[in-house]
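Structure data (compact mmCIF, C-alpha atoms) from model-v8.txt:
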# COMPACT_ATOMS: atom_id res chain seq x y z
CA MET O 265 -45.24 -56.35 24.40
CA ARG O 266 -46.82 -54.29 27.21
CA ILE O 267 -45.62 -56.81 29.78
CA VAL O 268 -42.09 -56.67 28.45
CA LEU O 269 -42.07 -52.88 28.58
CA MET O 270 -43.37 -52.89 32.14
CA ALA O 271 -40.78 -55.37 33.24
CA PHE O 272 -38.11 -53.20 31.67
CA ALA O 273 -39.47 -50.10 33.46
CA LEU O 274 -39.49 -51.92 36.79
CA GLY O 275 -35.97 -53.12 36.26
CA ALA O 276 -34.84 -49.60 35.46
CA ALA O 277 -36.54 -48.24 38.57
CA VAL O 278 -34.89 -50.81 40.83
CA ALA O 279 -31.53 -50.12 39.25
CA CYS O 280 -31.96 -46.39 39.91
CA VAL O 281 -32.77 -46.96 43.58
CA ILE O 282 -29.95 -49.29 44.46
CA ALA O 283 -27.21 -48.09 42.10
CA PRO O 284 -24.23 -48.47 42.04
CA LEU O 285 -24.56 -51.91 43.60
CA ALA O 286 -27.32 -52.78 41.16
CA ALA O 287 -27.61 -56.34 39.97
CA GLN O 288 -28.94 -57.05 36.49
CA THR O 289 -32.49 -58.31 36.65
CA SER O 290 -33.10 -60.74 33.77
CA GLY O 291 -30.67 -61.18 30.92
CA ALA O 292 -27.19 -59.72 31.05
CA ALA O 293 -24.57 -59.38 28.38
CA VAL O 294 -20.78 -59.53 28.26
CA VAL O 295 -19.03 -58.57 25.06
CA ILE O 296 -15.60 -59.83 24.07
CA ASP O 297 -13.72 -57.12 22.24
CA ASN O 298 -9.96 -56.78 21.74
CA PHE O 299 -9.28 -59.80 23.97
CA VAL O 300 -11.17 -58.20 26.88
CA PHE O 301 -14.41 -59.25 28.58
CA SER O 302 -16.56 -56.17 29.13
CA PRO O 303 -17.71 -55.57 31.64
CA GLU O 304 -14.92 -57.46 33.31
CA ARG O 305 -16.90 -57.66 36.55
CA LEU O 306 -20.65 -58.13 36.45
CA THR O 307 -23.13 -58.58 39.28
CA VAL O 308 -26.41 -60.37 38.56
CA LYS O 309 -29.26 -61.87 40.56
CA ALA O 310 -29.64 -65.62 40.88
CA GLY O 311 -31.60 -66.94 37.92
CA THR O 312 -30.05 -64.49 35.47
CA THR O 313 -28.87 -65.71 32.10
CA VAL O 314 -25.58 -64.14 31.03
CA THR O 315 -24.76 -64.10 27.34
CA TRP O 316 -21.20 -63.62 26.09
CA THR O 317 -20.71 -62.53 22.50
CA ASN O 318 -17.38 -62.61 20.69
CA ARG O 319 -16.74 -59.47 18.62
CA ASP O 320 -13.11 -60.35 17.82
CA ASP O 321 -11.61 -61.81 14.65
CA THR O 322 -10.14 -64.47 16.93
CA PRO O 323 -12.07 -67.33 18.52
CA HIS O 324 -12.49 -67.29 22.28
CA THR O 325 -14.07 -69.41 25.00
CA VAL O 326 -15.62 -68.73 28.37
CA ALA O 327 -14.50 -71.18 31.05
CA ALA O 328 -15.25 -71.01 34.77
CA LYS O 329 -12.19 -71.38 36.97
CA ASP O 330 -14.10 -73.92 39.09
CA ARG O 331 -15.41 -75.64 35.92
CA THR O 332 -19.05 -74.75 36.68
CA PHE O 333 -19.46 -73.80 33.04
CA LYS O 334 -17.47 -73.89 29.83
CA SER O 335 -18.49 -72.75 26.38
CA LYS O 336 -17.60 -74.32 23.10
CA VAL O 337 -15.29 -72.20 21.04
CA MET O 338 -16.99 -69.00 19.86
CA ASP O 339 -15.97 -67.70 16.48
CA THR O 340 -16.64 -64.10 15.47
CA ASP O 341 -20.15 -62.94 16.47
CA GLU O 342 -21.01 -66.25 18.10
CA SER O 343 -22.52 -66.31 21.58
CA TYR O 344 -22.71 -68.50 24.64
CA SER O 345 -25.25 -68.27 27.48
CA PHE O 346 -25.25 -69.61 31.00
CA THR O 347 -27.95 -69.23 33.66
CA PHE O 348 -26.62 -68.61 37.15
CA SER O 349 -28.93 -70.15 39.72
CA THR O 350 -26.64 -70.24 42.75
CA PRO O 351 -25.28 -67.10 44.44
CA GLY O 352 -21.53 -66.82 44.56
CA GLU O 353 -18.53 -65.38 42.78
CA TYR O 354 -17.66 -67.05 39.48
CA ALA O 355 -14.21 -66.30 38.14
CA TYR O 356 -13.80 -67.25 34.49
CA PHE O 357 -11.28 -66.94 31.67
CA CYS O 358 -10.74 -67.71 28.00
CA SER O 359 -9.15 -71.16 27.82
CA LEU O 360 -7.31 -70.17 24.61
CA HIS O 361 -6.04 -66.84 25.92
CA PRO O 362 -5.93 -67.31 29.70
CA HIS O 363 -4.77 -63.75 30.33
CA MET O 364 -8.39 -62.80 29.51
CA THR O 365 -10.31 -63.00 32.78
CA GLY O 366 -13.67 -61.88 34.18
CA THR O 367 -15.93 -62.37 37.17
CA ILE O 368 -19.69 -62.83 37.51
CA THR O 369 -21.01 -62.16 41.01
CA VAL O 370 -24.39 -63.77 41.61
CA VAL O 371 -26.45 -62.38 44.49
CA ALA O 372 -29.52 -63.97 46.01
CA ARG O 373 -32.92 -62.94 44.69
CA THR O 374 -35.36 -61.71 47.39
CA GLU O 375 -39.16 -61.76 47.26
CA ASP O 376 -39.59 -58.12 46.23
CA GLY O 377 -36.91 -58.47 43.57
CA ALA O 378 -34.36 -56.23 45.30
CA THR O 379 -30.82 -57.40 45.97
CA GLN O 380 -29.66 -58.29 49.43
CA MET J 48 30.44 -98.26 52.61
CA THR J 49 34.17 -99.00 52.97
CA ALA J 50 37.09 -96.59 52.96
CA ASN J 51 38.08 -97.94 49.56
CA ASP J 52 34.69 -97.12 48.15
CA ASP J 53 35.03 -93.63 49.46
CA LYS J 54 38.37 -93.23 47.74
CA SER J 55 37.10 -94.46 44.39
CA GLY J 56 34.11 -92.14 44.85
CA ASP J 57 36.48 -89.21 45.27
CA ALA J 58 38.43 -90.20 42.19
CA THR J 59 35.24 -90.35 40.16
CA THR J 60 34.22 -87.00 41.47
CA ARG J 61 37.55 -85.46 40.46
CA ARG J 62 37.26 -86.99 37.02
CA LYS J 63 33.75 -85.70 36.73
CA VAL J 64 34.89 -82.23 37.65
CA LEU J 65 37.53 -82.40 34.94
CA GLU J 66 34.94 -83.63 32.46
CA CYS J 67 32.63 -80.83 33.45
CA MET J 68 35.40 -78.34 32.88
CA THR J 69 35.99 -79.80 29.46
CA TRP J 70 32.34 -79.54 28.65
CA ALA J 71 32.16 -76.03 30.00
CA GLY J 72 35.08 -75.16 27.75
CA THR J 73 33.36 -76.77 24.82
CA GLY J 74 30.19 -74.91 25.59
CA LEU J 75 32.05 -71.64 25.69
CA LEU J 76 33.78 -72.39 22.41
CA TRP J 77 30.48 -73.19 20.82
CA THR J 78 29.00 -69.94 21.94
CA VAL J 79 31.87 -67.97 20.49
CA SER J 80 32.77 -69.82 17.34
CA GLY J 81 29.40 -71.05 16.29
CA GLY J 82 26.38 -72.64 17.86
CA VAL J 83 24.76 -69.25 17.74
CA PRO J 84 22.06 -69.35 15.13
CA ARG J 85 22.00 -66.23 13.07
CA SER J 86 19.02 -64.57 11.52
CA LEU J 87 20.06 -63.62 8.03
CA GLY J 88 16.93 -61.81 7.04
CA LEU J 89 16.11 -62.56 3.46
CA VAL J 90 16.50 -65.99 2.01
CA ASP J 91 19.67 -66.63 0.18
CA GLN J 92 19.13 -69.61 -2.03
CA ALA J 93 22.79 -69.90 -2.93
CA ARG J 94 23.58 -70.23 0.74
CA ALA J 95 21.00 -72.98 1.12
CA GLU J 96 22.69 -74.79 -1.75
CA GLU J 97 26.08 -74.49 -0.07
CA ALA J 98 24.87 -75.93 3.16
CA LYS J 99 26.22 -79.41 3.57
CA GLY J 100 24.73 -80.08 6.96
CA LEU J 101 21.21 -80.72 8.11
CA THR J 102 18.62 -78.28 6.82
CA PHE J 103 15.02 -78.33 7.93
CA MET J 104 12.10 -75.98 7.45
CA GLN J 105 9.84 -74.39 10.02
CA ILE J 106 6.32 -73.33 9.13
CA SER J 107 3.81 -72.06 11.63
CA ASP J 108 0.34 -70.72 12.23
CA SER J 109 -1.27 -71.69 8.95
CA HIS J 110 -4.76 -71.16 10.46
CA MET J 111 -6.69 -73.08 7.81
CA GLY J 112 -10.25 -71.76 7.88
CA PHE J 113 -9.32 -68.18 8.73
CA ASP J 114 -11.19 -65.87 6.34
CA LYS J 115 -11.26 -62.50 8.12
CA PRO J 116 -10.11 -59.17 6.59
CA ALA J 117 -6.49 -59.64 7.76
CA ASN J 118 -6.24 -62.37 5.09
CA PRO J 119 -9.37 -63.76 3.44
CA ASN J 120 -7.26 -66.38 1.65
CA ALA J 121 -5.13 -68.18 4.24
CA LYS J 122 -5.23 -71.28 2.05
CA GLY J 123 -3.68 -69.36 -0.82
CA THR J 124 -0.81 -67.99 1.26
CA LEU J 125 -0.07 -71.46 2.71
CA GLU J 126 0.10 -72.75 -0.86
CA GLU J 127 2.55 -69.97 -1.70
CA ALA J 128 4.67 -70.86 1.33
CA ILE J 129 4.77 -74.53 0.36
CA GLY J 130 5.58 -73.46 -3.20
CA ARG J 131 8.62 -71.59 -1.84
CA ILE J 132 9.79 -74.68 0.01
CA LYS J 133 9.33 -76.86 -3.08
CA ALA J 134 11.42 -74.41 -5.11
CA LEU J 135 14.45 -74.59 -2.79
CA PRO J 136 17.52 -75.79 -4.69
CA THR J 137 18.39 -78.24 -1.91
CA LYS J 138 15.60 -80.31 -0.51
CA PRO J 139 15.35 -79.85 3.27
CA SER J 140 15.50 -83.01 5.38
CA PHE J 141 12.11 -82.45 6.95
CA MET J 142 9.76 -79.78 8.22
CA ILE J 143 8.45 -78.79 11.63
CA HIS J 144 5.09 -77.09 12.06
CA THR J 145 4.87 -75.08 15.27
CA GLY J 146 1.10 -75.17 15.64
CA ASP J 147 -2.17 -73.49 14.81
CA ILE J 148 -2.46 -75.67 11.75
CA THR J 149 -6.17 -74.83 11.74
CA HIS J 150 -8.22 -71.91 12.96
CA LEU J 151 -11.07 -73.84 14.61
CA SER J 152 -9.95 -77.51 14.68
CA LYS J 153 -12.55 -78.52 12.08
CA PRO J 154 -11.93 -81.76 10.15
CA ALA J 155 -12.15 -79.90 6.83
CA GLU J 156 -9.51 -77.43 8.02
CA PHE J 157 -7.13 -80.25 8.96
CA ASP J 158 -7.86 -81.82 5.56
CA ASP J 159 -7.01 -78.60 3.74
CA ALA J 160 -3.77 -78.25 5.69
CA ASP J 161 -2.76 -81.84 4.94
CA LYS J 162 -3.59 -81.48 1.27
CA ILE J 163 -1.42 -78.39 0.86
CA ILE J 164 1.46 -79.20 3.23
CA SER J 165 1.89 -82.73 1.83
CA GLN J 166 2.77 -81.16 -1.53
CA ALA J 167 6.16 -80.28 -0.06
CA LYS J 168 6.83 -84.05 0.03
CA LEU J 169 8.65 -83.78 3.35
CA ASP J 170 8.18 -85.48 6.69
CA VAL J 171 6.45 -83.01 8.98
CA HIS J 172 6.81 -82.98 12.76
CA TYR J 173 3.92 -81.12 14.37
CA VAL J 174 3.17 -79.60 17.74
CA PRO J 175 -0.34 -78.31 18.44
CA GLY J 176 -1.39 -74.71 18.85
CA GLU J 177 -4.38 -73.69 20.97
CA HIS J 178 -6.43 -73.51 17.76
CA ASP J 179 -5.81 -77.22 17.04
CA ILE J 180 -7.46 -78.61 20.15
CA LEU J 181 -10.87 -76.92 19.97
CA ASP J 182 -12.94 -79.94 18.91
CA GLU J 183 -15.22 -81.16 21.67
CA GLU J 184 -13.45 -84.44 22.27
CA VAL J 185 -10.00 -82.94 21.70
CA LYS J 186 -9.01 -85.89 19.57
CA LEU J 187 -8.61 -84.68 15.97
CA TYR J 188 -5.07 -83.36 16.41
CA ARG J 189 -3.87 -86.46 18.28
CA GLU J 190 -5.47 -88.80 15.76
CA ARG J 191 -3.73 -87.12 12.86
CA TYR J 192 -0.37 -86.08 14.22
CA GLY J 193 0.08 -87.57 17.67
CA ARG J 194 1.13 -91.07 16.72
CA GLY J 195 3.97 -92.23 18.93
CA SER J 196 3.86 -89.13 21.10
CA LYS J 197 3.60 -89.05 24.89
CA GLY J 198 1.14 -87.36 27.25
CA ASP J 199 -0.63 -84.52 25.49
CA GLY J 200 1.46 -85.03 22.36
CA TRP J 201 5.09 -84.35 23.22
CA TYR J 202 7.96 -86.36 21.72
CA SER J 203 11.58 -86.24 20.68
CA PHE J 204 13.66 -87.53 17.79
CA ASP J 205 17.21 -87.32 16.48
CA ALA J 206 18.28 -86.16 13.06
CA GLY J 207 21.70 -85.26 11.69
CA GLY J 208 23.27 -85.39 15.14
CA VAL J 209 20.73 -82.91 16.55
CA HIS J 210 18.23 -83.83 19.25
CA PHE J 211 14.75 -82.43 18.54
CA VAL J 212 12.10 -82.09 21.21
CA GLY J 213 8.48 -81.19 20.35
CA LEU J 214 6.67 -79.74 23.37
CA VAL J 215 3.00 -78.98 24.03
CA ASN J 216 2.33 -75.76 25.94
CA VAL J 217 -1.27 -75.01 24.95
CA LYS J 218 -3.18 -77.40 27.19
CA ASN J 219 -4.62 -77.03 30.69
CA LEU J 220 -3.98 -73.30 30.72
CA LYS J 221 -4.74 -71.54 33.99
CA ALA J 222 -6.86 -68.42 34.45
CA GLY J 223 -4.68 -65.33 34.33
CA GLY J 224 -1.71 -67.34 33.10
CA MET J 225 0.25 -67.96 29.91
CA GLY J 226 1.37 -71.09 28.07
CA SER J 227 2.07 -74.09 30.27
CA LEU J 228 4.10 -77.30 30.03
CA GLY J 229 2.97 -78.95 33.25
CA GLU J 230 4.65 -81.34 35.67
CA ASP J 231 4.21 -84.51 33.60
CA GLN J 232 5.85 -83.02 30.55
CA LEU J 233 8.72 -81.44 32.51
CA LYS J 234 9.41 -84.78 34.16
CA TRP J 235 9.40 -86.48 30.76
CA LEU J 236 11.77 -83.82 29.39
CA ALA J 237 14.23 -84.34 32.23
CA ASP J 238 14.23 -88.09 31.49
CA ASP J 239 14.51 -87.51 27.77
CA LEU J 240 17.61 -85.33 28.16
CA LYS J 241 19.29 -87.59 30.69
CA GLY J 242 21.25 -89.72 28.24
CA LYS J 243 22.35 -86.84 26.02
CA THR J 244 25.88 -85.53 26.05
CA ALA J 245 26.42 -81.81 26.51
CA SER J 246 27.84 -81.56 23.01
CA THR J 247 24.55 -82.67 21.43
CA PRO J 248 22.85 -79.70 19.80
CA VAL J 249 19.27 -79.52 21.05
CA VAL J 250 16.31 -77.94 19.28
CA LEU J 251 13.18 -77.39 21.34
CA PHE J 252 10.03 -76.47 19.49
CA ALA J 253 6.59 -75.57 20.80
CA HIS J 254 3.73 -73.31 19.77
CA ILE J 255 3.73 -70.53 22.37
CA PRO J 256 7.15 -68.93 22.96
CA LEU J 257 8.98 -70.67 25.82
CA TRP J 258 10.41 -67.31 26.89
CA VAL J 259 8.26 -64.46 28.10
CA ILE J 260 7.92 -61.95 25.28
CA TYR J 261 4.92 -59.98 26.51
CA GLU J 262 3.02 -61.11 29.57
CA THR J 263 0.11 -58.70 29.06
CA TRP J 264 -0.82 -60.63 25.91
CA GLY J 265 0.03 -64.01 27.38
CA TRP J 266 3.04 -64.34 25.06
CA GLY J 267 5.18 -66.68 27.09
CA THR J 268 5.21 -69.98 28.95
CA GLU J 269 4.82 -69.93 32.72
CA ASP J 270 7.09 -72.87 33.40
CA GLY J 271 9.26 -72.45 30.29
CA ALA J 272 12.21 -71.40 32.46
CA ARG J 273 12.13 -74.81 34.15
CA ALA J 274 12.56 -76.53 30.80
CA LEU J 275 15.43 -74.20 29.88
CA GLU J 276 17.10 -74.83 33.23
CA MET J 277 17.45 -78.48 32.19
CA LEU J 278 19.39 -77.38 29.09
CA LYS J 279 21.95 -75.22 30.89
CA GLY J 280 24.73 -77.77 30.47
CA PHE J 281 24.27 -78.10 26.72
CA GLY J 282 26.53 -76.24 24.35
CA SER J 283 23.96 -75.37 21.72
CA VAL J 284 20.25 -74.95 22.34
CA THR J 285 17.80 -73.53 19.84
CA VAL J 286 14.19 -72.77 20.76
CA LEU J 287 11.73 -72.43 17.87
CA ASN J 288 8.21 -71.12 18.43
CA GLY J 289 5.21 -69.66 16.60
CA HIS J 290 2.02 -68.13 18.02
CA ILE J 291 2.99 -64.47 17.74
CA HIS J 292 2.99 -64.31 13.92
CA GLN J 293 6.20 -62.33 13.62
CA VAL J 294 9.94 -62.90 13.76
CA MET J 295 11.63 -62.30 17.09
CA GLN J 296 15.03 -63.46 18.18
CA LYS J 297 16.98 -63.39 21.39
CA VAL J 298 20.29 -64.94 22.41
CA GLU J 299 20.84 -65.75 26.05
CA GLY J 300 23.99 -67.66 26.94
CA ASN J 301 23.88 -70.99 25.15
CA VAL J 302 20.26 -70.56 24.04
CA VAL J 303 18.94 -68.94 20.89
CA PHE J 304 15.24 -68.16 20.85
CA HIS J 305 13.44 -67.63 17.58
CA THR J 306 9.82 -67.19 16.57
CA ALA J 307 8.56 -67.73 13.03
CA ARG J 308 6.17 -65.80 10.87
CA SER J 309 2.69 -67.14 10.20
CA THR J 310 1.65 -68.23 6.74
CA ALA J 311 -1.84 -66.78 7.38
CA PHE J 312 -1.89 -63.30 8.93
CA PRO J 313 0.41 -60.93 10.84
CA GLN J 314 -0.06 -59.86 14.45
CA PRO J 315 1.07 -56.56 15.96
CA ALA J 316 4.37 -56.07 17.76
CA PRO J 317 3.96 -56.30 21.54
CA GLY J 318 2.03 -53.39 22.98
CA THR J 319 1.60 -51.56 19.67
CA ALA J 320 -2.13 -52.33 19.39
CA PRO J 321 -5.04 -52.71 21.80
CA SER J 322 -4.91 -56.50 21.40
CA PRO J 323 -2.82 -59.24 19.78
CA GLY J 324 -5.57 -60.03 17.25
CA PRO J 325 -5.05 -60.39 13.49
CA MET J 326 -3.52 -57.23 12.02
CA LYS J 327 -4.92 -55.84 8.79
CA VAL J 328 -2.21 -54.35 6.61
CA ALA J 329 -2.29 -52.99 3.06
CA ASP J 330 -2.79 -55.80 0.53
CA ASP J 331 0.62 -55.20 -1.05
CA LYS J 332 2.32 -55.46 2.36
CA LEU J 333 0.69 -58.70 3.51
CA ARG J 334 3.12 -61.13 1.90
CA SER J 335 6.14 -59.34 3.33
CA MET J 336 4.77 -60.18 6.79
CA LEU J 337 4.05 -63.86 6.15
CA GLY J 338 6.60 -66.59 5.53
CA VAL J 339 8.63 -69.60 6.57
CA ALA J 340 12.03 -70.23 8.13
CA SER J 341 14.82 -72.61 7.25
CA VAL J 342 17.29 -73.80 9.84
CA THR J 343 20.67 -75.26 8.92
CA PHE J 344 23.00 -77.12 11.19
CA LYS J 345 26.46 -77.56 9.73
CA ARG J 346 28.56 -80.32 11.13
CA GLY J 347 32.10 -79.13 11.74
CA ASP J 348 31.54 -75.51 12.51
CA GLN J 349 28.53 -76.53 14.64
CA ARG J 350 26.42 -73.67 13.47
CA LEU J 351 22.68 -73.42 13.33
CA ALA J 352 21.71 -70.71 10.91
CA ILE J 353 18.12 -69.57 10.83
CA ILE J 354 16.94 -67.90 7.67
CA ASP J 355 13.53 -66.25 7.68
CA THR J 356 11.90 -66.04 4.29
CA PRO J 357 8.93 -63.76 3.72
CA LEU J 358 6.53 -64.74 0.95
CA GLN J 359 7.47 -61.51 -0.77
CA GLY J 360 9.98 -58.71 -0.40

Rewritten as structure tokens:
Amino acid sequence: MRIVLMAFALGAAVACVIAPLAAQTSGAAVVIDNFVFSPERLTVKAGTTVTWTNRDDTPHTVAAKDRTFKSKVMDTDESYSFTFSTPGEYAYFCSLHPHMTGTITVVARTEDGATQ
Amino acid sequence: MTANDDKSGDATTRRKVLECMTWAGTGLLWTVSGGVPRSLGLVDQARAEEAKGLTFMQISDSHMGFDKPANPNAKGTLEEAIGRIKALPTKPSFMIHTGDITHLSKPAEFDDADKIISQAKLDVHYVPGEHDILDEEVKLYRERYGRGSKGDGWYSFDAGGVHFVGLVNVKNLKAGGMGSLGEDQLKWLADDLKGKTASTPVVLFAHIPLWVIYETWGWGTEDGARALEMLKGFGSVTVLNGHIHQVMQKVEGNVVFHTARSTAFPQPAPGTAPSPGPMKVADDKLRSMLGVASVTFKRGDQRLAIIDTPLQG
């Protein structure tokens, strides 16, 4: 528990220093609400696991434009996670409702944990 | 090529021009004197009884498996809709289902749909909605309903002098886009229409509207205009869609566009809510926003009349 808290504190400190270009440190979340991915644009460090959760009464999917990843259909309150190991920009959309789009930007992880 | 050939070519061309003029005249007549499907609002059973031509039913968006607050009993309302069809004084020739048979493409949902819809004792011609192709191998819909269809499940058939074309516009959707037919299907459609005379009434049906109703919500088909372009020479074209869970109608030249109600839950009018998701209405209002449509083509006055029937009201 202590380790978790410390890691959280460190993450918060880093975020404070480099905001607003901060990248999420470990897990990151995207919520689907009213046919919108929020946040629509998210920047994370390589190695981060992003979890999408569907809060709508309608099923949705998460599908990378370049097919790097694709979820099964997510019904209400279901989630999908993907770990981004390679830096780059990942545009994605809902394959059922393609007007729903989002982007995950993955930046390289440096030795001291700060973003490049 | 000889000079003689050239001459006969000219003659053919002149004849063709005359033919085209005749067809154009026919098309115009059709638009004025009939061929324009009318939405008559409430069902008029007496009228259905009168109809001597071809009558078929359209049901849509039955979403078997949906159990959210907008309608916890989608099975029950589908049963009511089928009950309405069974009670018609004149048995329709067949039924079309414009997609979203199920909510999540689960075998049990398809089973429930089949069990209820088969009670109408009518042939049913299906096209898939995006909710019908969610199983991992994308095979359940095709196994059940795709027999004899081409490509991703498109097909055509003739009934009562009308040419029916079932299109699939829910597959291979592109990021940021809307519904899509794709090159293969458009090519097939062009071939399919080739042998048809301009006087043949054509009914196109697909899940997502072929015309752009509201781009912000993806309510339209990106390449739908290319399909409609192929139908410009036809005197009577009717486009039947689902997906938006409400009745909308538009007449443009020789083409009448119509969307059907869902049997499961209503969706908001374009732009009137933050999203197109299921709309919760008062319990006593729900059935006035669900329903089916009947379409009648009368030989002679060449009229396609579309009658939308809510489950109640």

**Request:** Report as number ranges by chain the set of chain J residues whose atoms approach chain O to within 7 Å, with distances computed over only C-alpha atoms.
**Result:** J: 115, 177, 181, 220-225, 264-265, 321-322, 324-325

**Prompt:** Contacts of Pro139 of chain J at 8 Å or less, counting all atoms listed in the file, minus same-chain residues fewer than 6 places along, as an MDAnalysis selection string?
**Reply:** chainID J and resid 101:104 169

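Taking atom CA of Leu351 of chain J and atom CA of Thr247 of chain J as endpoints, the distance between them is 12.4 Å.
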
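Taking atom CA of Gly193 of chain J as the reference point, atom CA of Glu269 of chain J is found at 23.7 Å.
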
**Asked** Mind pulling up the distance from atom CA of Phe344 of chain J to atom CA of Gly242 of chain J?
**Response**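 It comes out at 21.3 Å.
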
**Item:** Counting all atoms listed in the file, the residue of J:Lys197, J:Asp331, J:Glu183, J:Gly130 that sits nearest Ser165 of chain J
**Value:**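 Checking each candidate against Ser165 of chain J, we get J:Gly130 as the closest.
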
**Request:** Could you give me, as a count of residues only, the residues within 8 Å of Val294 of chain J, counting all atoms listed in the file and dropping anything in the same chain fewer than 6 positions from it?
**Result:** 5

**Message:** Report as number ranges by chain all protein, DNA and RNA residues lying within 6 Å of segment 147-149 of chain J, evaluated on all atoms listed in the file, omitting residues in the same chain fewer than 2 positions from it.
**Reply:** J: 108-111, 151-152, 156, 176, 178-179

**Message:** Need the shell around Gly229 of chain J: protein/DNA/RNA residues with any atom at most 10 Å away, counting all atoms listed in the file. Skip same-chain ones fewer than 6 positions apart. Format as a list in words?
**Reply:** Val215, Asn216, Lys218, Asn219, Leu220, Glu269, Asp270 and Gly271 of chain J

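Among the candidates J:Ser107, J:Asn118, J:Thr268, J:Ser203, the residue lying nearest to Val328 of chain J is J:Asn118 (atoms considered: only C-alpha atoms).
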
Give me segment 345-370 of chain O from this structure - C-alpha atoms, as a PDB file, in the first residue's frame.
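That gives us out.pdb:
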ATOM      1  CA  SER O 345      -7.548  -2.372 -22.112  1.00  0.00           C
ATOM      2  CA  PHE O 346      -4.552  -2.080 -24.371  1.00  0.00           C
ATOM      3  CA  THR O 347      -0.912  -1.545 -23.400  1.00  0.00           C
ATOM      4  CA  PHE O 348       0.971   0.845 -25.656  1.00  0.00           C
ATOM      5  CA  SER O 349       4.617  -0.178 -25.885  1.00  0.00           C
ATOM      6  CA  THR O 350       5.671   1.738 -28.994  1.00  0.00           C
ATOM      7  CA  PRO O 351       5.729   5.542 -29.193  1.00  0.00           C
ATOM      8  CA  GLY O 352       3.556   7.060 -31.875  1.00  0.00           C
ATOM      9  CA  GLU O 353       0.151   8.534 -32.561  1.00  0.00           C
ATOM     10  CA  TYR O 354      -2.714   6.048 -32.535  1.00  0.00           C
ATOM     11  CA  ALA O 355      -5.933   7.267 -34.101  1.00  0.00           C
ATOM     12  CA  TYR O 356      -8.919   5.101 -33.228  1.00  0.00           C
ATOM     13  CA  PHE O 357     -12.685   5.031 -33.648  1.00  0.00           C
ATOM     14  CA  CYS O 358     -15.795   3.048 -32.771  1.00  0.00           C
ATOM     15  CA  SER O 359     -16.351   0.558 -35.586  1.00  0.00           C
ATOM     16  CA  LEU O 360     -20.129   0.694 -34.992  1.00  0.00           C
ATOM     17  CA  HIS O 361     -20.352   4.481 -34.863  1.00  0.00           C
ATOM     18  CA  PRO O 362     -17.356   5.657 -36.888  1.00  0.00           C
ATOM     19  CA  HIS O 363     -18.084   9.332 -36.249  1.00  0.00           C
ATOM     20  CA  MET O 364     -16.743   8.620 -32.735  1.00  0.00           C
ATOM     21  CA  THR O 365     -12.987   9.159 -32.904  1.00  0.00           C
ATOM     22  CA  GLY O 366     -10.061   9.590 -30.498  1.00  0.00           C
ATOM     23  CA  THR O 367      -6.281   9.654 -30.427  1.00  0.00           C
ATOM     24  CA  ILE O 368      -3.717   8.174 -28.040  1.00  0.00           C
ATOM     25  CA  THR O 369      -0.275   9.747 -28.311  1.00  0.00           C
ATOM     26  CA  VAL O 370       2.450   7.514 -26.901  1.00  0.00           C
TER      27      VAL O 370
END
